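What follows is one structure encoded as structure tokens, with my remarks underneath.
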Amino acid sequence: MAEQQEHQQGQGQGQGQQRPRRWTAELMPDLTGRVFVVTGANSGLGLATTRELARRGGHVVLAVRDGRKGRAAADSVAAAHPGALLDVRELDLADLDSVRDFARKLRAEHPRLDVLVNNAGVMAPPRTLSAQGHELQFAANHLGHFALTGLLLDRLAAGRDPRVVTVGSLEHRRGRIDFDDLHGERRYSPMGAYRQAKLANTVFGYALQERLAAAGSPVRSVLAHPGYTATNLQKETPVAFVRFVFGRVLGPLLAQPAAAGALPQLYAATAPDAEGGALYGPDGPGELRGTPKRVALAPAATDPETGRRLWELSERLTGVRYEPA
């Protein structure tokens, strides 16, 4: 996205603060001394997020499933920004044993963390089960991030302006959490399961903020979605129809580049006036592209009963119980 030399000022969200109407990465504060964990950091939105955080001085932990790809991504960022503080750590969010191992090692290395960006995702594969027997998209997109956040929450509470940023999707508004057939045993739709998982991300992010606020925690839970962004998520899905429609037909016509799609999550992670419990997405028509603004959550995302059921289910399936600091 082209840099803007002048920024019109407008009324910001919450507390009457002023902020630019068209926010760019150039407006991010200095991040020197702050530690960020970005899941899925080796490509797409995760790599674009890592690149900008490192450029502003942040110490970024690249949490990636493939260590080789993660190291290549880190090398590309370091080449563009010599002196960038980058660590590559392997993490398979679909495997709860991997999540626990990652969290244990990270906790040993870092007495505090400042921001966790729950970015990684899987989109529309054929029905597949995780190592623990859960539907893959629900496991990787939601359960892995739910467990990871809970295992790192005390380290985040010790951070400076700490936040959990959970990356959802426009598709959360079309989603439904089928508590009676959560893993698609009776009926499975690749896109239906994706929408369910992205709605679960959004329910989690909103419910987490309510719990953190009630506990008096300094951590903020903020939500973001990238609009329609060209990433490997659509191009590499194993389902040919989804790959053709989203990767080859609609993508070239509507999708924005990853650097632009990452702006809402960068705003959520760094902007002083990003609000806990709020969702930030593109400001263009249909929220498909543009610069960050606060956008509406689906009613299901803020429904107390849905939040309670999903939270209790997630604790049971992951074995991770939250105790906000």
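Chains: A, B, ... in order of the structure tokens. Residues: from 1 per chain. Ligands: from 1, in order shown.
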Please build the interface table for stretch 107-206 of chain A against stretch 54-61 of chain A with a cut-off of 10 Å, listing for each qualifying residue the nearest atom pair and the distance in Å to one decimal; count only C-alpha atoms, order rows by chain and increasing number, and write it as a tab-separated table.
```
residue	atom	partner	partner_atom	distance
A:Leu113	CA	A:His59	CA	9.9
A:Asp114	CA	A:His59	CA	9.8
A:Val115	CA	A:Val60	CA	9.6
A:Leu116	CA	A:Val61	CA	9.5
```
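Here the residues within stretch 73-282 of chain A that DSSP labels strand (DSSP E or B) on the basis of the backbone are Leu85, Leu86, Asp87, Val88, Arg89, Glu90, Val115, Leu116, Val117, Asn118, Leu129, Glu135, Arg163, Val164, Val165, Thr166, Val167, Arg220, Ser221, Val222, Leu223, Ala224, Thr229, Gln256, Leu279, Tyr280, Gly281 and Pro282 of chain A.
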Using N, CA and C atoms, can you export the residues from the last selection as a PDB file, in the first residue's frame?
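Result went into selection_37.pdb, see below:
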```pdb
ATOM      1  N   LEU A  85      15.498  -8.314  15.106  1.00  0.00           N
ATOM      2  CA  LEU A  85      15.516  -9.351  16.139  1.00  0.00           C
ATOM      3  C   LEU A  85      14.443 -10.380  15.815  1.00  0.00           C
ATOM      4  N   LEU A  86      14.888 -11.566  15.381  1.00  0.00           N
ATOM      5  CA  LEU A  86      13.974 -12.594  14.903  1.00  0.00           C
ATOM      6  C   LEU A  86      14.376 -13.951  15.469  1.00  0.00           C
ATOM      7  N   ASP A  87      13.402 -14.697  15.938  1.00  0.00           N
ATOM      8  CA  ASP A  87      13.616 -16.077  16.388  1.00  0.00           C
ATOM      9  C   ASP A  87      12.599 -16.962  15.695  1.00  0.00           C
ATOM     10  N   VAL A  88      13.046 -18.105  15.198  1.00  0.00           N
ATOM     11  CA  VAL A  88      12.156 -19.058  14.546  1.00  0.00           C
ATOM     12  C   VAL A  88      11.924 -20.237  15.485  1.00  0.00           C
ATOM     13  N   ARG A  89      10.648 -20.542  15.737  1.00  0.00           N
ATOM     14  CA  ARG A  89      10.293 -21.658  16.599  1.00  0.00           C
ATOM     15  C   ARG A  89       9.218 -22.494  15.913  1.00  0.00           C
ATOM     16  N   GLU A  90       9.371 -23.807  15.953  1.00  0.00           N
ATOM     17  CA  GLU A  90       8.397 -24.677  15.303  1.00  0.00           C
ATOM     18  C   GLU A  90       7.161 -24.872  16.175  1.00  0.00           C
ATOM     19  N   VAL A 115       2.941  -9.056  22.884  1.00  0.00           N
ATOM     20  CA  VAL A 115       1.798  -9.254  21.989  1.00  0.00           C
ATOM     21  C   VAL A 115       1.860 -10.655  21.385  1.00  0.00           C
ATOM     22  N   LEU A 116       0.730 -11.336  21.394  1.00  0.00           N
ATOM     23  CA  LEU A 116       0.557 -12.605  20.691  1.00  0.00           C
ATOM     24  C   LEU A 116      -0.405 -12.370  19.533  1.00  0.00           C
ATOM     25  N   VAL A 117       0.047 -12.656  18.317  1.00  0.00           N
ATOM     26  CA  VAL A 117      -0.801 -12.506  17.134  1.00  0.00           C
ATOM     27  C   VAL A 117      -1.206 -13.900  16.673  1.00  0.00           C
ATOM     28  N   ASN A 118      -2.447 -14.265  16.937  1.00  0.00           N
ATOM     29  CA  ASN A 118      -2.992 -15.563  16.526  1.00  0.00           C
ATOM     30  C   ASN A 118      -3.429 -15.470  15.070  1.00  0.00           C
ATOM     31  N   LEU A 129      -8.545 -35.262  10.433  1.00  0.00           N
ATOM     32  CA  LEU A 129      -8.510 -35.179  11.876  1.00  0.00           C
ATOM     33  C   LEU A 129      -7.123 -34.804  12.370  1.00  0.00           C
ATOM     34  N   GLU A 135     -11.536 -32.191  14.237  1.00  0.00           N
ATOM     35  CA  GLU A 135     -11.556 -31.723  12.838  1.00  0.00           C
ATOM     36  C   GLU A 135     -10.445 -30.694  12.660  1.00  0.00           C
ATOM     37  N   ARG A 163      -1.206  -7.459  24.533  1.00  0.00           N
ATOM     38  CA  ARG A 163      -2.402  -7.731  23.727  1.00  0.00           C
ATOM     39  C   ARG A 163      -2.373  -9.145  23.178  1.00  0.00           C
ATOM     40  N   VAL A 164      -3.560  -9.684  22.970  1.00  0.00           N
ATOM     41  CA  VAL A 164      -3.762 -10.879  22.169  1.00  0.00           C
ATOM     42  C   VAL A 164      -4.567 -10.443  20.958  1.00  0.00           C
ATOM     43  N   VAL A 165      -4.025 -10.653  19.774  1.00  0.00           N
ATOM     44  CA  VAL A 165      -4.723 -10.307  18.538  1.00  0.00           C
ATOM     45  C   VAL A 165      -5.130 -11.605  17.856  1.00  0.00           C
ATOM     46  N   THR A 166      -6.410 -11.810  17.681  1.00  0.00           N
ATOM     47  CA  THR A 166      -6.905 -13.010  17.018  1.00  0.00           C
ATOM     48  C   THR A 166      -7.452 -12.625  15.650  1.00  0.00           C
ATOM     49  N   VAL A 167      -6.926 -13.282  14.622  1.00  0.00           N
ATOM     50  CA  VAL A 167      -7.273 -12.941  13.239  1.00  0.00           C
ATOM     51  C   VAL A 167      -8.428 -13.815  12.771  1.00  0.00           C
ATOM     52  N   ARG A 220      -5.184  -6.838  26.678  1.00  0.00           N
ATOM     53  CA  ARG A 220      -6.330  -6.564  25.812  1.00  0.00           C
ATOM     54  C   ARG A 220      -6.463  -7.674  24.779  1.00  0.00           C
ATOM     55  N   SER A 221      -7.678  -8.117  24.513  1.00  0.00           N
ATOM     56  CA  SER A 221      -7.953  -9.053  23.429  1.00  0.00           C
ATOM     57  C   SER A 221      -8.622  -8.281  22.300  1.00  0.00           C
ATOM     58  N   VAL A 222      -7.949  -8.221  21.154  1.00  0.00           N
ATOM     59  CA  VAL A 222      -8.428  -7.430  20.015  1.00  0.00           C
ATOM     60  C   VAL A 222      -8.572  -8.358  18.815  1.00  0.00           C
ATOM     61  N   LEU A 223      -9.558  -8.088  17.985  1.00  0.00           N
ATOM     62  CA  LEU A 223      -9.844  -8.921  16.813  1.00  0.00           C
ATOM     63  C   LEU A 223      -9.543  -8.160  15.530  1.00  0.00           C
ATOM     64  N   ALA A 224      -9.177  -8.905  14.482  1.00  0.00           N
ATOM     65  CA  ALA A 224      -8.914  -8.287  13.181  1.00  0.00           C
ATOM     66  C   ALA A 224      -9.319  -9.256  12.076  1.00  0.00           C
ATOM     67  N   THR A 229      -7.719 -11.009   0.834  1.00  0.00           N
ATOM     68  CA  THR A 229      -6.289 -10.822   0.630  1.00  0.00           C
ATOM     69  C   THR A 229      -5.704 -12.018  -0.095  1.00  0.00           C
ATOM     70  N   GLN A 256      -6.533  -7.947  -2.294  1.00  0.00           N
ATOM     71  CA  GLN A 256      -5.452  -6.997  -2.086  1.00  0.00           C
ATOM     72  C   GLN A 256      -4.189  -7.768  -1.683  1.00  0.00           C
ATOM     73  N   LEU A 279     -13.432  -5.464  16.704  1.00  0.00           N
ATOM     74  CA  LEU A 279     -12.968  -6.087  15.465  1.00  0.00           C
ATOM     75  C   LEU A 279     -12.564  -4.996  14.494  1.00  0.00           C
ATOM     76  N   TYR A 280     -11.362  -5.110  13.920  1.00  0.00           N
ATOM     77  CA  TYR A 280     -10.864  -4.154  12.936  1.00  0.00           C
ATOM     78  C   TYR A 280     -10.693  -4.842  11.594  1.00  0.00           C
ATOM     79  N   GLY A 281     -11.195  -4.186  10.552  1.00  0.00           N
ATOM     80  CA  GLY A 281     -11.102  -4.720   9.205  1.00  0.00           C
ATOM     81  C   GLY A 281     -10.948  -3.595   8.209  1.00  0.00           C
ATOM     82  N   PRO A 282     -10.863  -3.897   6.905  1.00  0.00           N
ATOM     83  CA  PRO A 282     -10.683  -2.863   5.880  1.00  0.00           C
ATOM     84  C   PRO A 282     -11.886  -1.936   5.788  1.00  0.00           C
TER      85      PRO A 282
END
```
Please list as a ChimeraX atom specification every residue within 12 Å of A:Glu312, counting only C-alpha atoms and excluding residues in the same chain fewer than 6 positions away. /A:143,146,179,204,207,305-306,318-322
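Excluding A:Glu52 and any residue on its chain fewer than 2 positions from it, the residues at most 10 Å away by only C-alpha atoms are A:Ala25, A:Glu26, A:Met28, A:Leu47, A:Ala48, A:Thr49, A:Thr50, A:Ala54, A:Arg55, A:Arg56, A:Gly57, A:Gly58, A:Val77, A:His81, A:Ala259, A:Ala262, A:Leu263, A:Leu266.
Taking the backbone of this structure through DSSP, the residues of stretch 104-195 of chain A that come out as alpha helix (DSSP H) are A:Arg104, A:Lys105, A:Leu106, A:Arg107, A:Ala108, A:Glu109, A:Leu136, A:Gln137, A:Gly144, A:His145, A:Phe146, A:Ala147, A:Leu148, A:Thr149, A:Gly150, A:Leu151, A:Leu152, A:Leu153, A:Asp154, A:Arg155, A:Leu156, A:Ala157, A:Pro190, A:Met191, A:Gly192, A:Ala193, A:Tyr194, A:Arg195.
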Export N, CA, C and O atoms of the chosen residues as an mmCIF file, in the first residue's frame?
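Result file is part-v4.cif:
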```cif
data_model
loop_
_atom_site.group_PDB
_atom_site.id
_atom_site.type_symbol
_atom_site.label_atom_id
_atom_site.label_comp_id
_atom_site.auth_asym_id
_atom_site.auth_seq_id
_atom_site.Cartn_x
_atom_site.Cartn_y
_atom_site.Cartn_z
ATOM 1 N N ARG A 104 6.082 -24.192 26.516
ATOM 2 C CA ARG A 104 7.049 -24.486 27.583
ATOM 3 C C ARG A 104 8.412 -23.881 27.254
ATOM 4 O O ARG A 104 9.044 -23.230 28.101
ATOM 5 N N LYS A 105 8.877 -24.067 26.037
ATOM 6 C CA LYS A 105 10.183 -23.535 25.642
ATOM 7 C C LYS A 105 10.175 -22.009 25.604
ATOM 8 O O LYS A 105 11.144 -21.363 26.021
ATOM 9 N N LEU A 106 9.083 -21.420 25.107
ATOM 10 C CA LEU A 106 9.009 -19.966 25.020
ATOM 11 C C LEU A 106 8.989 -19.350 26.418
ATOM 12 O O LEU A 106 9.632 -18.317 26.667
ATOM 13 N N ARG A 107 8.270 -19.979 27.328
ATOM 14 C CA ARG A 107 8.207 -19.479 28.700
ATOM 15 C C ARG A 107 9.584 -19.519 29.360
ATOM 16 O O ARG A 107 9.933 -18.631 30.141
ATOM 17 N N ALA A 108 10.374 -20.533 29.035
ATOM 18 C CA ALA A 108 11.712 -20.648 29.606
ATOM 19 C C ALA A 108 12.636 -19.545 29.104
ATOM 20 O O ALA A 108 13.564 -19.131 29.805
ATOM 21 N N GLU A 109 12.374 -19.064 27.895
ATOM 22 C CA GLU A 109 13.239 -18.051 27.277
ATOM 23 C C GLU A 109 12.792 -16.620 27.561
ATOM 24 O O GLU A 109 13.606 -15.695 27.535
ATOM 25 N N LEU A 136 -9.688 -30.825 11.564
ATOM 26 C CA LEU A 136 -8.438 -30.097 11.412
ATOM 27 C C LEU A 136 -8.588 -28.586 11.489
ATOM 28 O O LEU A 136 -7.789 -27.907 12.146
ATOM 29 N N GLN A 137 -9.598 -28.012 10.822
ATOM 30 C CA GLN A 137 -9.732 -26.558 10.812
ATOM 31 C C GLN A 137 -10.099 -26.029 12.204
ATOM 32 O O GLN A 137 -9.564 -25.004 12.642
ATOM 33 N N GLY A 144 -5.926 -24.740 18.842
ATOM 34 C CA GLY A 144 -4.503 -24.481 19.031
ATOM 35 C C GLY A 144 -4.241 -23.090 19.559
ATOM 36 O O GLY A 144 -3.420 -22.893 20.474
ATOM 37 N N HIS A 145 -4.944 -22.106 19.013
ATOM 38 C CA HIS A 145 -4.768 -20.728 19.485
ATOM 39 C C HIS A 145 -5.371 -20.531 20.876
ATOM 40 O O HIS A 145 -4.821 -19.773 21.698
ATOM 41 N N PHE A 146 -6.484 -21.190 21.156
ATOM 42 C CA PHE A 146 -7.074 -21.112 22.492
ATOM 43 C C PHE A 146 -6.076 -21.632 23.525
ATOM 44 O O PHE A 146 -5.832 -20.994 24.565
ATOM 45 N N ALA A 147 -5.477 -22.793 23.242
ATOM 46 C CA ALA A 147 -4.518 -23.381 24.177
ATOM 47 C C ALA A 147 -3.263 -22.525 24.294
ATOM 48 O O ALA A 147 -2.769 -22.277 25.403
ATOM 49 N N LEU A 148 -2.743 -22.067 23.173
ATOM 50 C CA LEU A 148 -1.516 -21.273 23.182
ATOM 51 C C LEU A 148 -1.710 -19.999 23.996
ATOM 52 O O LEU A 148 -0.858 -19.628 24.821
ATOM 53 N N THR A 149 -2.818 -19.314 23.792
ATOM 54 C CA THR A 149 -3.088 -18.076 24.528
ATOM 55 C C THR A 149 -3.142 -18.334 26.022
ATOM 56 O O THR A 149 -2.545 -17.607 26.824
ATOM 57 N N GLY A 150 -3.864 -19.384 26.420
ATOM 58 C CA GLY A 150 -3.979 -19.687 27.834
ATOM 59 C C GLY A 150 -2.637 -20.030 28.468
ATOM 60 O O GLY A 150 -2.367 -19.635 29.614
ATOM 61 N N LEU A 151 -1.788 -20.730 27.739
ATOM 62 C CA LEU A 151 -0.491 -21.139 28.277
ATOM 63 C C LEU A 151 0.503 -19.986 28.366
ATOM 64 O O LEU A 151 1.487 -20.071 29.112
ATOM 65 N N LEU A 152 0.256 -18.912 27.632
ATOM 66 C CA LEU A 152 1.173 -17.765 27.628
ATOM 67 C C LEU A 152 0.599 -16.545 28.336
ATOM 68 O O LEU A 152 1.257 -15.505 28.410
ATOM 69 N N LEU A 153 -0.599 -16.655 28.873
ATOM 70 C CA LEU A 153 -1.301 -15.470 29.354
ATOM 71 C C LEU A 153 -0.561 -14.770 30.497
ATOM 72 O O LEU A 153 -0.543 -13.534 30.561
ATOM 73 N N ASP A 154 0.059 -15.525 31.390
ATOM 74 C CA ASP A 154 0.759 -14.859 32.489
ATOM 75 C C ASP A 154 1.994 -14.118 32.001
ATOM 76 O O ASP A 154 2.358 -13.074 32.538
ATOM 77 N N ARG A 155 2.634 -14.638 30.962
ATOM 78 C CA ARG A 155 3.779 -13.927 30.380
ATOM 79 C C ARG A 155 3.318 -12.637 29.706
ATOM 80 O O ARG A 155 3.999 -11.613 29.753
ATOM 81 N N LEU A 156 2.152 -12.681 29.082
ATOM 82 C CA LEU A 156 1.603 -11.476 28.460
ATOM 83 C C LEU A 156 1.206 -10.447 29.512
ATOM 84 O O LEU A 156 1.409 -9.241 29.321
ATOM 85 N N ALA A 157 0.674 -10.894 30.626
ATOM 86 C CA ALA A 157 0.262 -9.968 31.677
ATOM 87 C C ALA A 157 1.441 -9.183 32.227
ATOM 88 O O ALA A 157 1.266 -8.100 32.787
ATOM 89 N N PRO A 190 -16.205 -28.464 3.535
ATOM 90 C CA PRO A 190 -14.933 -27.774 3.761
ATOM 91 C C PRO A 190 -15.098 -26.303 4.115
ATOM 92 O O PRO A 190 -14.490 -25.819 5.075
ATOM 93 N N MET A 191 -15.946 -25.571 3.372
ATOM 94 C CA MET A 191 -16.134 -24.152 3.671
ATOM 95 C C MET A 191 -17.004 -23.953 4.910
ATOM 96 O O MET A 191 -16.809 -23.002 5.670
ATOM 97 N N GLY A 192 -17.954 -24.850 5.134
ATOM 98 C CA GLY A 192 -18.761 -24.746 6.338
ATOM 99 C C GLY A 192 -17.906 -24.909 7.587
ATOM 100 O O GLY A 192 -18.078 -24.197 8.581
ATOM 101 N N ALA A 193 -16.956 -25.849 7.537
ATOM 102 C CA ALA A 193 -16.058 -26.056 8.672
ATOM 103 C C ALA A 193 -15.108 -24.874 8.835
ATOM 104 O O ALA A 193 -14.746 -24.513 9.968
ATOM 105 N N TYR A 194 -14.704 -24.274 7.718
ATOM 106 C CA TYR A 194 -13.850 -23.082 7.809
ATOM 107 C C TYR A 194 -14.611 -21.942 8.470
ATOM 108 O O TYR A 194 -14.082 -21.267 9.368
ATOM 109 N N ARG A 195 -15.854 -21.729 8.057
ATOM 110 C CA ARG A 195 -16.650 -20.653 8.656
ATOM 111 C C ARG A 195 -16.900 -20.913 10.140
ATOM 112 O O ARG A 195 -16.882 -19.988 10.952
#
```
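Distance annotation: of A:Asn119, A:Ser98, A:Ser169, A:Ser43, the residue with the minimal separation from A:Glu287 is A:Ser169; atom set is only C-alpha atoms.
Shortest atom-to-atom contact with A:Ala158 among A:Thr24, A:Ser314, A:Gln265, A:Ser217: A:Ser217, counting only C-alpha atoms.
Taking only C-alpha atoms into account, A:Val203 lies nearest to A:Arg309 out of the set A:Arg174, A:Arg309, A:Arg187, A:His110.
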